[in-house]
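Next comes coords-v6.txt, a file with compact mmCIF, C-alpha atoms and all ligand atoms.
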# COMPACT_ATOMS: atom_id res chain seq x y z
CA MET A 1 7.68 4.39 16.54
CA GLU A 2 8.01 3.23 20.16
CA GLN A 3 8.58 -0.47 20.85
CA LYS A 4 5.38 -2.55 20.60
CA ARG A 5 4.63 -6.12 21.64
CA ILE A 6 3.69 -8.08 18.53
CA VAL A 7 2.54 -11.70 18.43
CA VAL A 8 3.29 -13.44 15.13
CA GLY A 9 1.12 -16.52 14.68
CA VAL A 10 2.33 -18.98 12.07
CA ALA A 11 0.01 -21.65 10.68
CA GLY A 12 1.06 -24.78 8.83
CA GLY A 13 1.48 -23.88 5.18
CA ILE A 14 4.49 -23.80 2.89
CA ALA A 15 4.55 -19.98 3.16
CA ALA A 16 5.59 -20.44 6.84
CA TYR A 17 9.17 -19.87 5.68
CA LYS A 18 8.23 -16.28 4.75
CA ALA A 19 7.22 -15.68 8.39
CA CYS A 20 10.97 -15.74 9.19
CA THR A 21 11.53 -12.58 7.14
CA LEU A 22 8.46 -11.00 8.71
CA VAL A 23 9.72 -11.71 12.25
CA ARG A 24 13.13 -10.34 11.30
CA GLN A 25 11.66 -7.12 9.87
CA LEU A 26 9.48 -6.55 12.94
CA THR A 27 12.34 -7.13 15.40
CA GLU A 28 14.67 -4.94 13.33
CA ALA A 29 12.06 -2.19 13.55
CA GLY A 30 12.57 -2.37 17.32
CA HIS A 31 9.47 -4.34 18.34
CA SER A 32 9.31 -7.20 20.82
CA VAL A 33 8.05 -10.24 18.88
CA ARG A 34 6.64 -13.52 20.25
CA VAL A 35 6.17 -16.26 17.68
CA LEU A 36 3.28 -18.70 18.18
CA PRO A 37 3.47 -21.41 15.55
CA THR A 38 0.99 -24.25 15.25
CA GLU A 39 2.27 -27.83 15.46
CA SER A 40 1.94 -28.08 11.66
CA ALA A 41 3.90 -24.85 11.12
CA LEU A 42 6.85 -26.56 12.83
CA LYS A 43 6.80 -29.21 10.10
CA PHE A 44 7.87 -26.40 7.72
CA VAL A 45 10.13 -24.26 9.95
CA GLY A 46 11.86 -25.42 13.13
CA ALA A 47 11.18 -23.82 16.53
CA ALA A 48 14.89 -22.96 16.82
CA THR A 49 14.63 -20.63 13.81
CA PHE A 50 11.74 -18.67 15.33
CA GLU A 51 13.45 -18.62 18.76
CA ALA A 52 16.68 -17.27 17.28
CA LEU A 53 14.89 -14.64 15.17
CA SER A 54 12.55 -13.44 17.93
CA GLY A 55 14.81 -13.90 20.95
CA HIS A 56 11.93 -15.60 22.83
CA PRO A 57 11.08 -19.24 23.53
CA VAL A 58 8.57 -20.86 21.20
CA HIS A 59 5.71 -23.12 22.33
CA THR A 60 2.71 -24.52 20.51
CA GLY A 61 0.48 -25.84 23.31
CA VAL A 62 -1.21 -24.51 26.44
CA PHE A 63 0.40 -27.20 28.63
CA GLU A 64 3.89 -25.66 28.58
CA ASN A 65 4.70 -23.16 31.38
CA VAL A 66 1.18 -23.74 32.73
CA ASP A 67 1.94 -21.74 35.91
CA GLN A 68 2.27 -18.59 33.73
CA VAL A 69 -1.06 -19.17 31.91
CA PRO A 70 0.70 -18.15 28.67
CA HIS A 71 -2.34 -17.86 26.35
CA VAL A 72 -3.87 -15.25 28.66
CA ARG A 73 -0.68 -13.37 29.49
CA ILE A 74 0.58 -13.20 25.87
CA GLY A 75 -2.88 -12.15 24.67
CA GLN A 76 -3.36 -9.43 27.30
CA ASP A 77 0.13 -8.00 26.69
CA ALA A 78 -0.07 -7.84 22.89
CA ASP A 79 -0.38 -4.56 20.98
CA LEU A 80 -0.92 -6.40 17.69
CA VAL A 81 -1.32 -9.97 16.44
CA VAL A 82 -0.23 -10.89 12.92
CA VAL A 83 -1.05 -14.38 11.67
CA ALA A 84 1.08 -15.15 8.61
CA PRO A 85 0.47 -17.41 6.90
CA ALA A 86 -3.15 -17.92 7.94
CA THR A 87 -4.21 -21.22 6.39
CA ALA A 88 -7.82 -22.16 5.55
CA ASP A 89 -7.82 -24.39 8.64
CA LEU A 90 -6.53 -21.63 10.93
CA LEU A 91 -9.19 -19.18 9.64
CA ALA A 92 -11.89 -21.82 10.24
CA ARG A 93 -10.65 -22.47 13.76
CA ALA A 94 -10.51 -18.73 14.51
CA VAL A 95 -14.09 -18.30 13.26
CA ALA A 96 -15.31 -21.21 15.39
CA GLY A 97 -13.53 -19.81 18.45
CA ARG A 98 -11.63 -23.03 18.99
CA ALA A 99 -8.80 -23.05 21.50
CA ASP A 100 -7.00 -26.25 20.66
CA ASP A 101 -3.48 -24.83 20.62
CA LEU A 102 -1.62 -21.84 22.05
CA LEU A 103 -2.19 -19.68 18.95
CA THR A 104 -5.98 -20.14 18.72
CA ALA A 105 -6.35 -19.88 22.51
CA THR A 106 -4.41 -16.60 22.39
CA LEU A 107 -6.65 -15.32 19.55
CA LEU A 108 -9.55 -15.61 22.02
CA THR A 109 -7.83 -13.62 24.75
CA VAL A 110 -6.45 -10.69 22.70
CA ARG A 111 -8.28 -7.38 22.54
CA CYS A 112 -5.75 -5.62 20.27
CA PRO A 113 -5.99 -5.42 16.43
CA VAL A 114 -5.53 -8.78 14.65
CA LEU A 115 -4.24 -9.06 11.09
CA PHE A 116 -4.58 -12.34 9.20
CA ALA A 117 -2.44 -12.79 6.08
CA PRO A 118 -4.00 -15.80 4.31
CA ALA A 119 -2.04 -18.12 2.05
CA MET A 120 -3.51 -21.18 0.39
CA HIS A 121 -4.35 -22.64 -2.99
CA THR A 122 -6.76 -20.60 -5.11
CA GLU A 123 -9.49 -23.26 -4.88
CA MET A 124 -9.34 -23.16 -1.07
CA TRP A 125 -9.34 -19.34 -1.02
CA LEU A 126 -12.38 -19.19 -3.31
CA HIS A 127 -14.29 -22.01 -1.56
CA PRO A 128 -17.57 -20.74 -0.06
CA ALA A 129 -16.47 -21.97 3.38
CA THR A 130 -13.33 -19.82 3.31
CA VAL A 131 -15.18 -16.86 1.76
CA ALA A 132 -17.72 -17.02 4.60
CA ASN A 133 -14.99 -17.39 7.24
CA VAL A 134 -13.12 -14.36 5.90
CA ALA A 135 -16.35 -12.30 5.90
CA THR A 136 -17.07 -13.37 9.49
CA LEU A 137 -13.61 -12.39 10.71
CA ARG A 138 -13.85 -9.02 8.91
CA GLY A 139 -17.28 -8.52 10.42
CA ARG A 140 -15.72 -8.97 13.86
CA GLY A 141 -13.21 -6.21 13.12
CA ALA A 142 -10.18 -8.33 12.19
CA VAL A 143 -8.13 -7.31 9.16
CA VAL A 144 -7.92 -10.17 6.67
CA LEU A 145 -5.49 -9.28 3.90
CA GLU A 146 -6.25 -9.97 0.29
CA PRO A 147 -3.66 -12.51 -0.84
CA ALA A 148 -1.39 -11.79 -3.78
CA SER A 149 -1.91 -13.45 -7.14
CA GLY A 150 0.88 -15.37 -8.74
CA ARG A 151 2.83 -18.57 -8.62
CA LEU A 152 1.67 -20.95 -5.87
CA THR A 153 3.41 -24.15 -4.76
CA GLY A 154 3.66 -26.31 -7.85
CA ALA A 155 2.81 -25.05 -11.30
CA ASP A 156 -0.52 -23.35 -10.60
CA THR A 157 -1.09 -19.61 -10.34
CA GLY A 158 -3.95 -17.48 -8.99
CA PRO A 159 -4.94 -15.58 -5.85
CA GLY A 160 -3.67 -17.26 -2.69
CA ARG A 161 -0.02 -16.28 -2.38
CA LEU A 162 1.15 -14.77 0.88
CA PRO A 163 1.88 -11.07 0.26
CA GLU A 164 5.58 -10.18 0.52
CA ALA A 165 6.87 -9.86 4.11
CA GLU A 166 7.56 -6.17 3.45
CA GLU A 167 3.93 -5.60 2.56
CA ILE A 168 2.68 -7.40 5.69
CA THR A 169 5.11 -5.39 7.84
CA THR A 170 3.89 -2.15 6.23
CA LEU A 171 0.25 -2.98 6.93
CA ALA A 172 1.03 -4.19 10.48
CA ARG A 173 2.72 -0.88 11.12
CA LEU A 174 -0.30 0.94 9.72
CA LEU A 175 -2.57 -0.77 12.27
CA LEU A 176 -0.24 0.29 15.08
CA GLU A 177 -0.11 3.86 13.76
CA ARG A 178 -3.85 4.16 13.14
CA GLY A 179 -4.73 2.70 16.51
CA ASP A 180 -7.92 1.27 15.01
CA ALA A 181 -8.67 -1.45 12.49
CA LEU A 182 -8.66 -0.85 8.77
CA PRO A 183 -12.29 -0.95 7.62
CA TYR A 184 -13.27 -3.17 4.69
CA ASP A 185 -15.39 -0.43 3.15
CA MET A 186 -14.34 -0.17 -0.52
CA ALA A 187 -15.77 -3.45 -1.83
CA GLY A 188 -17.29 -2.96 -5.29
CA VAL A 189 -15.44 0.34 -5.90
CA LYS A 190 -13.18 0.48 -8.97
CA VAL A 191 -10.13 2.64 -8.38
CA LEU A 192 -7.49 3.83 -10.83
CA VAL A 193 -4.25 5.06 -9.22
CA THR A 194 -1.19 6.52 -10.95
CA ALA A 195 2.16 6.56 -9.17
CA GLY A 196 5.84 7.25 -9.70
CA GLY A 197 7.67 9.52 -12.09
CA THR A 198 7.47 9.56 -15.86
CA ARG A 199 10.56 9.39 -18.07
CA GLU A 200 10.67 11.48 -21.22
CA PRO A 201 13.12 9.93 -23.68
CA LEU A 202 15.87 11.95 -25.35
CA ASP A 203 17.47 9.05 -27.19
CA PRO A 204 17.55 5.24 -26.70
CA VAL A 205 19.63 5.54 -23.49
CA ARG A 206 18.72 8.91 -21.95
CA PHE A 207 15.62 10.48 -20.52
CA ILE A 208 14.43 13.46 -18.50
CA GLY A 209 12.97 12.16 -15.22
CA ASN A 210 12.11 13.31 -11.72
CA ARG A 211 12.67 12.31 -8.11
CA SER A 212 9.26 10.80 -7.40
CA SER A 213 9.68 7.44 -5.63
CA GLY A 214 6.09 6.28 -6.21
CA LYS A 215 5.73 5.45 -2.50
CA GLN A 216 2.65 7.58 -1.86
CA GLY A 217 0.71 6.30 -4.89
CA TYR A 218 1.69 2.69 -4.16
CA ALA A 219 0.49 3.15 -0.58
CA VAL A 220 -2.89 4.46 -1.80
CA ALA A 221 -3.25 1.49 -4.19
CA ARG A 222 -2.26 -0.97 -1.44
CA VAL A 223 -4.64 0.46 1.17
CA MET A 224 -7.50 0.71 -1.36
CA ALA A 225 -7.05 -2.96 -2.34
CA GLN A 226 -6.89 -4.09 1.29
CA ARG A 227 -10.11 -2.19 1.97
CA GLY A 228 -11.78 -4.20 -0.78
CA ALA A 229 -11.50 -1.95 -3.87
CA GLU A 230 -10.73 -3.33 -7.34
CA VAL A 231 -7.53 -1.43 -8.09
CA THR A 232 -5.55 -0.75 -11.26
CA LEU A 233 -2.20 0.93 -10.60
CA ILE A 234 -0.48 2.72 -13.48
CA ALA A 235 3.12 2.76 -12.34
CA GLY A 236 5.84 4.95 -13.74
CA ASN A 237 9.41 4.80 -12.51
CA THR A 238 9.65 3.90 -8.81
CA ALA A 239 12.44 3.24 -6.37
CA GLY A 240 12.18 -0.56 -6.82
CA LEU A 241 8.90 -0.85 -4.89
CA VAL A 242 7.15 -4.17 -4.29
CA ASP A 243 3.97 -4.33 -6.40
CA PRO A 244 1.00 -4.29 -3.98
CA ALA A 245 -0.89 -7.57 -3.53
CA ALA A 246 -4.30 -7.92 -5.21
CA VAL A 247 -3.66 -4.92 -7.50
CA ASN A 248 -3.55 -4.95 -11.30
CA VAL A 249 -0.25 -3.16 -12.04
CA VAL A 250 0.38 -1.60 -15.48
CA HIS A 251 3.95 -0.35 -15.94
CA ILE A 252 4.50 2.67 -18.19
CA GLY A 253 7.42 4.96 -19.08
CA SER A 254 6.52 8.36 -20.49
CA ALA A 255 3.76 10.89 -19.74
CA ALA A 256 2.15 10.02 -23.10
CA GLN A 257 2.02 6.33 -22.14
CA LEU A 258 0.57 7.26 -18.75
CA GLY A 259 -2.07 9.38 -20.50
CA ASP A 260 -2.96 6.48 -22.83
CA ALA A 261 -3.24 4.04 -19.89
CA VAL A 262 -5.49 6.45 -17.96
CA SER A 263 -7.69 6.95 -21.06
CA LYS A 264 -7.99 3.16 -21.40
CA HIS A 265 -8.88 2.40 -17.76
CA ALA A 266 -10.74 5.57 -16.64
CA PRO A 267 -14.11 4.74 -18.28
CA GLU A 268 -14.48 1.76 -15.89
CA ALA A 269 -13.25 3.59 -12.79
CA ASN A 270 -15.29 5.16 -9.99
CA VAL A 271 -12.26 6.92 -8.51
CA LEU A 272 -9.09 8.34 -10.10
CA VAL A 273 -6.13 9.13 -7.84
CA MET A 274 -3.39 10.99 -9.73
CA ALA A 275 -0.36 10.57 -7.47
CA ALA A 276 2.10 10.23 -10.37
CA ALA A 277 4.67 12.93 -11.01
CA VAL A 278 3.85 13.53 -14.66
CA ALA A 279 6.40 15.50 -16.67
CA ASP A 280 4.95 18.77 -17.91
CA PHE A 281 7.37 18.84 -20.85
CA ARG A 282 9.06 16.32 -23.15
CA PRO A 283 11.88 16.69 -25.69
CA ALA A 284 10.45 17.83 -29.02
CA HIS A 285 12.67 15.35 -30.86
CA VAL A 286 13.66 11.86 -29.72
CA ALA A 287 16.85 10.71 -31.43
CA THR A 288 16.63 7.18 -32.82
CA ALA A 289 20.35 6.62 -32.20
CA LYS A 290 22.41 7.60 -29.16
CA ILE A 291 23.35 11.28 -29.22
CA LYS A 292 27.15 11.57 -29.48
CA LYS A 293 29.46 14.28 -28.18
CA SER A 294 30.71 16.55 -30.91
CA ALA A 295 34.44 16.80 -31.44
CA ASP A 296 34.19 20.35 -30.18
CA ASP A 297 33.26 19.99 -26.48
CA ALA A 298 32.14 23.59 -26.26
CA ASP A 299 29.35 22.78 -28.68
CA ALA A 300 26.79 21.51 -26.12
CA PRO A 301 23.50 20.43 -27.69
CA SER A 302 20.36 22.20 -26.53
CA VAL A 303 17.10 20.37 -25.92
CA GLU A 304 13.90 21.84 -27.24
CA LEU A 305 10.90 20.97 -25.05
CA VAL A 306 7.20 20.79 -25.85
CA ARG A 307 4.21 20.59 -23.47
CA ASN A 308 2.70 17.28 -22.41
CA ASP A 309 -1.04 16.96 -21.96
CA ASP A 310 -2.32 17.48 -18.42
CA VAL A 311 -3.79 14.03 -17.70
CA LEU A 312 -5.68 15.11 -14.60
CA ALA A 313 -7.25 18.12 -16.30
CA GLY A 314 -8.04 15.85 -19.27
CA ALA A 315 -9.93 13.43 -17.01
CA VAL A 316 -11.90 16.28 -15.42
CA ARG A 317 -12.81 17.54 -18.93
CA ALA A 318 -13.73 14.07 -20.18
CA ARG A 319 -16.09 13.60 -17.24
CA ALA A 320 -17.70 17.00 -17.86
CA ASP A 321 -18.22 15.91 -21.49
CA GLY A 322 -20.04 12.79 -20.28
CA GLN A 323 -17.27 10.36 -21.30
CA LEU A 324 -16.64 9.00 -17.79
CA PRO A 325 -20.13 8.19 -16.49
CA ASN A 326 -18.82 5.93 -13.71
CA MET A 327 -16.33 8.45 -12.32
CA ARG A 328 -17.39 9.78 -8.92
CA ALA A 329 -14.19 11.23 -7.45
CA ILE A 330 -11.02 12.63 -9.03
CA VAL A 331 -8.13 13.28 -6.66
CA GLY A 332 -5.04 15.26 -7.62
CA PHE A 333 -1.72 15.63 -5.83
CA ALA A 334 0.46 18.68 -5.57
CA ALA A 335 3.96 19.20 -4.29
CA GLU A 336 4.40 22.87 -3.47
CA THR A 337 6.88 25.29 -1.98
CA GLY A 338 5.78 28.71 -0.86
CA ASP A 339 7.19 31.73 -2.69
CA ALA A 340 6.95 35.52 -2.72
CA ASN A 341 3.34 35.30 -3.97
CA GLY A 342 2.04 33.09 -1.16
CA ASP A 343 2.51 30.05 1.07
CA VAL A 344 1.99 26.36 0.23
CA LEU A 345 -1.76 26.45 0.93
CA PHE A 346 -2.22 29.60 -1.15
CA HIS A 347 -0.75 27.85 -4.19
CA ALA A 348 -2.63 24.62 -3.40
CA ARG A 349 -6.03 26.36 -3.26
CA ALA A 350 -5.35 27.97 -6.62
CA LYS A 351 -4.30 24.61 -8.09
CA LEU A 352 -7.44 22.85 -6.81
CA LYS A 353 -9.58 25.48 -8.57
CA ARG A 354 -7.49 25.27 -11.75
CA LYS A 355 -7.62 21.47 -11.93
CA GLY A 356 -11.34 21.21 -11.14
CA CYS A 357 -11.07 17.92 -9.22
CA GLU A 358 -12.92 16.97 -5.99
CA MET A 359 -9.84 16.78 -3.82
CA LEU A 360 -6.19 17.82 -3.84
CA VAL A 361 -3.59 16.24 -1.57
CA VAL A 362 -0.84 18.73 -0.89
CA ASN A 363 2.69 18.18 0.38
CA ALA A 364 5.17 20.86 1.24
CA VAL A 365 8.42 20.01 -0.56
CA GLY A 366 12.02 21.15 -0.31
CA GLU A 367 14.65 20.59 2.41
CA GLY A 368 14.49 16.78 2.24
CA ARG A 369 10.69 16.63 2.55
CA ALA A 370 8.23 14.49 0.61
CA PHE A 371 10.49 13.04 -2.11
CA GLU A 372 12.06 9.60 -1.61
CA VAL A 373 11.35 9.58 2.16
CA ASP A 374 9.00 7.20 3.98
CA HIS A 375 7.29 9.83 6.12
CA ASN A 376 5.30 12.82 5.15
CA ASP A 377 2.54 15.21 6.13
CA GLY A 378 0.31 17.63 4.31
CA TRP A 379 -3.27 18.72 3.72
CA MET A 380 -6.32 17.50 1.91
CA LEU A 381 -8.25 20.30 0.22
CA SER A 382 -11.76 19.58 -1.02
CA ALA A 383 -13.73 21.41 -3.67
CA ASP A 384 -16.39 22.16 -1.02
CA GLY A 385 -13.80 24.25 0.87
CA THR A 386 -12.91 21.71 3.57
CA GLU A 387 -9.21 21.70 4.48
CA THR A 388 -7.93 18.79 6.58
CA ALA A 389 -4.38 18.50 7.91
CA LEU A 390 -2.69 15.13 7.34
CA GLU A 391 -0.74 14.35 10.50
CA HIS A 392 2.94 13.44 10.15
CA GLY A 393 3.33 9.70 9.67
CA SER A 394 4.22 6.96 7.23
CA LYS A 395 3.04 7.35 3.65
CA THR A 396 0.83 4.31 4.33
CA LEU A 397 -0.85 6.16 7.22
CA MET A 398 -1.36 9.17 4.95
CA ALA A 399 -2.78 6.86 2.29
CA SER A 400 -5.24 5.42 4.79
CA ARG A 401 -6.40 8.94 5.74
CA ILE A 402 -6.74 9.83 2.06
CA VAL A 403 -8.82 6.67 1.51
CA ASP A 404 -10.94 7.58 4.59
CA ALA A 405 -11.65 10.95 2.94
CA ILE A 406 -12.41 9.39 -0.47
CA GLY A 407 -14.79 6.97 1.28
CA ALA A 408 -16.58 9.91 2.94
CA LEU A 409 -16.78 11.66 -0.44
CA LEU A 410 -18.31 8.59 -2.09
CA ARG A 411 -20.89 8.28 0.69
CA SER A 412 -21.82 11.97 0.57
N1 LIG A 501 -0.56 16.11 -13.66
C1 LIG A 501 -1.08 15.52 -14.80
N2 LIG A 501 -0.52 15.73 -16.01
C2 LIG A 501 0.57 16.53 -16.13
C3 LIG A 501 1.09 17.17 -14.99
C4 LIG A 501 0.50 16.94 -13.78
O1 LIG A 501 -2.07 14.77 -14.68
N3 LIG A 501 1.09 16.71 -17.34
C5 LIG A 501 -1.22 15.87 -12.37
C6 LIG A 501 -0.37 15.23 -11.32
O2 LIG A 501 -0.46 13.81 -11.33
C7 LIG A 501 -0.93 15.78 -10.02
C8 LIG A 501 -1.45 17.14 -10.43
O3 LIG A 501 -1.57 17.11 -11.84
O4 LIG A 501 -2.03 15.04 -9.55
C9 LIG A 501 -0.63 18.30 -10.03
O5 LIG A 501 0.65 18.22 -10.57
P1 LIG A 501 1.62 19.47 -10.54
O6 LIG A 501 2.83 19.12 -11.31
O7 LIG A 501 1.78 19.94 -9.15
O8 LIG A 501 0.68 20.49 -11.30
P2 LIG A 501 0.96 21.46 -12.46
O9 LIG A 501 -0.38 21.80 -13.03
O10 LIG A 501 1.96 20.90 -13.39
O11 LIG A 501 1.46 22.75 -11.71
P3 LIG A 501 2.91 23.40 -11.57
O12 LIG A 501 2.86 24.54 -12.50
O13 LIG A 501 2.94 23.79 -10.12
O14 LIG A 501 3.91 22.33 -11.94
Produce structure tokens that represent the structure in this file.
Ligand code: CTP
Amino acid sequence: MEQKRIVVGVAGGIAAYKACTLVRQLTEAGHSVRVLPTESALKFVGAATFEALSGHPVHTGVFENVDQVPHVRIGQDADLVVVAPATADLLARAVAGRADDLLTATLLTVRCPVLFAPAMHTEMWLHPATVANVATLRGRGAVVLEPASGRLTGADTGPGRLPEAEEITTLARLLLERGDALPYDMAGVKVLVTAGGTREPLDPVRFIGNRSSGKQGYAVARVMAQRGAEVTLIAGNTAGLVDPAAVNVVHIGSAAQLGDAVSKHAPEANVLVMAAAVADFRPAHVATAKIKKSADDADAPSVELVRNDDVLAGAVRARADGQLPNMRAIVGFAAETGDANGDVLFHARAKLKRKGCEMLVVNAVGEGRAFEVDHNDGWMLSADGTETALEHGSKTLMASRIVDAIGALLRS
């Protein structure tokens, strides 16, 4: 991505220290970052830290460098504003249109996308005043992230934690890539997402696995949650991914465990997104003790495999049998290579028919594509015959396009 001008606003909460990592990640990605802390933010992190990390001077008021009219110039130049942490007070001031420091004055002059990453105690987050302020900002087109749940300052836990810097960076990048705001259009929708690879045990220390990183499924869960959906993510093995904020994550190992978790959560769900790489086969016998080499090295053991259930096909069947009355959209994924019988799309169309779901997201794989990488492209095939190309971009951008399409499906 080309260099962008990003303003990072930092309000006065304990999570201000996490803004340092955010600034670092954005500058390392090649962007030009200006940090605008509030006076209270500087009680938590010194101006020198933000100056060193961003490579730009740091001011809090509109009476410094007055000749340059900084709140107007910084605002007009910005491609994106990220406010992290956004405290309850900062959100209230943004809603009221106050301009009592450089950050809030700049918020009034910007015309680019604005992303607020709130962080505060659960009581403050759930207070009707904050709830109304968040709704107002979303109504004006700003993206207000759902905070993460977990340990807050002190012993209490609950929603209100600042999402990890990596997650804020990912979503900031999505706004730059999309070029428009992320709509808050999935409120009230219950979504079940599976992601990552399953591991089929051979003995207590060995398994048969696959190269799925889980990145695409995690991105779908993350984008769904930030668009307001209630998301459960059934996560197999992943490449050490950060659990998405505001998502209920259930970790599983084998295909059978994934199947059980889907059976448990699917009856509630309105949407099922099967991004997991589910093993088609498992060892017929799982040794209870570690399998040892035989004295005769030539005597290699052979592994007998048996079929696993097809979870996606099972969900389609269960819905047809009336067992999933809430389910309105089932989305499958397919990684395909062309072969002598046909190209990627030929195989994908056949798979969509075979699986009987509403939509199939297809990636071409092989030659370093799709697996373990951050970027991807592909197609979305719908049961009604529509075929939409997914432009090349981050897996988060692809996820946002997939969620756009699911949204259209739910509205149709
Ligand atoms: N899937 C599943 N259960 C399985 C295998 C696959 O639910 N036991 C789901 C995957 O999560 C994915 C879709 O089915 O959404 C397609 O997976 P893929 O492995 O491409 O499909 P297969 O039917 O196994 O086809 P192939 O013969 O090409 O492997």
Can you work out the spacing between atom CA of A:Val23 and atom CA of A:Leu36 in Å, to one decimal?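 Pair atom CA of A:Val23 / atom CA of A:Leu36 returns 11.2 Å.
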Using all atoms listed in the file, can you tell me which of A:Thr198, A:Asn248, A:Ser394, A:Asn270 comes closest to ligand LIG 501 (chain A)? A:Thr198
A:His59 surroundings by only C-alpha atoms, 12 Å radius, close-in-sequence under 5 positions cut, as a list in words: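 Those residues are Gly9, Val10, Arg34, Val35, Leu36, Pro37, Thr38, Glu39, Ala41, Leu42, Gly46, Ala47, Ala48, Phe50, Glu51, Glu64, Asn65, Val66, Pro70, His71, Ile74, Asp101, Leu102 and Leu103 of chain A.
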Selection from above, C-alpha atoms, as an mmCIF file, in the coordinates of the input, can you write it?
data_model
loop_
_atom_site.group_PDB
_atom_site.id
_atom_site.type_symbol
_atom_site.label_atom_id
_atom_site.label_comp_id
_atom_site.auth_asym_id
_atom_site.auth_seq_id
_atom_site.Cartn_x
_atom_site.Cartn_y
_atom_site.Cartn_z
ATOM 1 C CA GLY A 9 1.120 -16.520 14.680
ATOM 2 C CA VAL A 10 2.330 -18.980 12.070
ATOM 3 C CA ARG A 34 6.640 -13.520 20.250
ATOM 4 C CA VAL A 35 6.170 -16.260 17.680
ATOM 5 C CA LEU A 36 3.280 -18.700 18.180
ATOM 6 C CA PRO A 37 3.470 -21.410 15.550
ATOM 7 C CA THR A 38 0.990 -24.250 15.250
ATOM 8 C CA GLU A 39 2.270 -27.830 15.460
ATOM 9 C CA ALA A 41 3.900 -24.850 11.120
ATOM 10 C CA LEU A 42 6.850 -26.560 12.830
ATOM 11 C CA GLY A 46 11.860 -25.420 13.130
ATOM 12 C CA ALA A 47 11.180 -23.820 16.530
ATOM 13 C CA ALA A 48 14.890 -22.960 16.820
ATOM 14 C CA PHE A 50 11.740 -18.670 15.330
ATOM 15 C CA GLU A 51 13.450 -18.620 18.760
ATOM 16 C CA GLU A 64 3.890 -25.660 28.580
ATOM 17 C CA ASN A 65 4.700 -23.160 31.380
ATOM 18 C CA VAL A 66 1.180 -23.740 32.730
ATOM 19 C CA PRO A 70 0.700 -18.150 28.670
ATOM 20 C CA HIS A 71 -2.340 -17.860 26.350
ATOM 21 C CA ILE A 74 0.580 -13.200 25.870
ATOM 22 C CA ASP A 101 -3.480 -24.830 20.620
ATOM 23 C CA LEU A 102 -1.620 -21.840 22.050
ATOM 24 C CA LEU A 103 -2.190 -19.680 18.950
#
So, counting all atoms listed in the file, which residue among A:Val131, A:Ala219, A:Val45, A:Ala245 is closest to A:Leu145?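 Of the candidates, the smallest distance to A:Leu145 is held by A:Ala245.
Restricting the calculation to all atoms listed in the file, the smallest distance between A:Ile402 and any of A:Ala261, A:Ala315, A:Ala129, A:Met224 is found for A:Met224.
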Using all atoms listed in the file, find each protein or nucleic acid residue lying at most 7 Å from ligand LIG 501 (chain A); present the set as a VMD selection string. chain A and resid 255 274 to 280 308 to 313 331 to 336 351
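For the choices A:Val286, A:Ala408, A:Ala340, A:Val316, the atom-to-atom distance to A:Arg354 is smallest for A:Val316 when using all atoms listed in the file.
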Spatial sel., origin (24.2, 8.9, -28.2), limit 8 Å, all atoms listed in the file, listed as an mmCIF file with C-alpha atoms, in the frame of the given file:
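Generated output (part.cif):
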data_model
loop_
_atom_site.group_PDB
_atom_site.id
_atom_site.type_symbol
_atom_site.label_atom_id
_atom_site.label_comp_id
_atom_site.auth_asym_id
_atom_site.auth_seq_id
_atom_site.Cartn_x
_atom_site.Cartn_y
_atom_site.Cartn_z
ATOM 1 C CA ASP A 203 17.470 9.050 -27.190
ATOM 2 C CA PRO A 204 17.550 5.240 -26.700
ATOM 3 C CA VAL A 205 19.630 5.540 -23.490
ATOM 4 C CA ALA A 289 20.350 6.620 -32.200
ATOM 5 C CA LYS A 290 22.410 7.600 -29.160
ATOM 6 C CA ILE A 291 23.350 11.280 -29.220
ATOM 7 C CA LYS A 292 27.150 11.570 -29.480
ATOM 8 C CA LYS A 293 29.460 14.280 -28.180
#
Using all atoms listed in the file, which residues sit within 7 Å of stretch 160-164 of chain A once same-chain residues fewer than 4 positions away are excluded, as a PDB file with C-alpha atoms, in the frame of the given file?
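Final output, saved to result21.pdb:
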ATOM      1  CA  ALA A  15       4.550 -19.980   3.160  1.00  0.00           C
ATOM      2  CA  PRO A  85       0.470 -17.410   6.900  1.00  0.00           C
ATOM      3  CA  ALA A 117      -2.440 -12.790   6.080  1.00  0.00           C
ATOM      4  CA  PRO A 118      -4.000 -15.800   4.310  1.00  0.00           C
ATOM      5  CA  ALA A 119      -2.040 -18.120   2.050  1.00  0.00           C
ATOM      6  CA  MET A 120      -3.510 -21.180   0.390  1.00  0.00           C
ATOM      7  CA  HIS A 121      -4.350 -22.640  -2.990  1.00  0.00           C
ATOM      8  CA  THR A 122      -6.760 -20.600  -5.110  1.00  0.00           C
ATOM      9  CA  TRP A 125      -9.340 -19.340  -1.020  1.00  0.00           C
ATOM     10  CA  PRO A 147      -3.660 -12.510  -0.840  1.00  0.00           C
ATOM     11  CA  ALA A 148      -1.390 -11.790  -3.780  1.00  0.00           C
ATOM     12  CA  SER A 149      -1.910 -13.450  -7.140  1.00  0.00           C
ATOM     13  CA  GLY A 150       0.880 -15.370  -8.740  1.00  0.00           C
ATOM     14  CA  LEU A 152       1.670 -20.950  -5.870  1.00  0.00           C
ATOM     15  CA  ILE A 168       2.680  -7.400   5.690  1.00  0.00           C
ATOM     16  CA  ALA A 245      -0.890  -7.570  -3.530  1.00  0.00           C
TER      17      ALA A 245
END
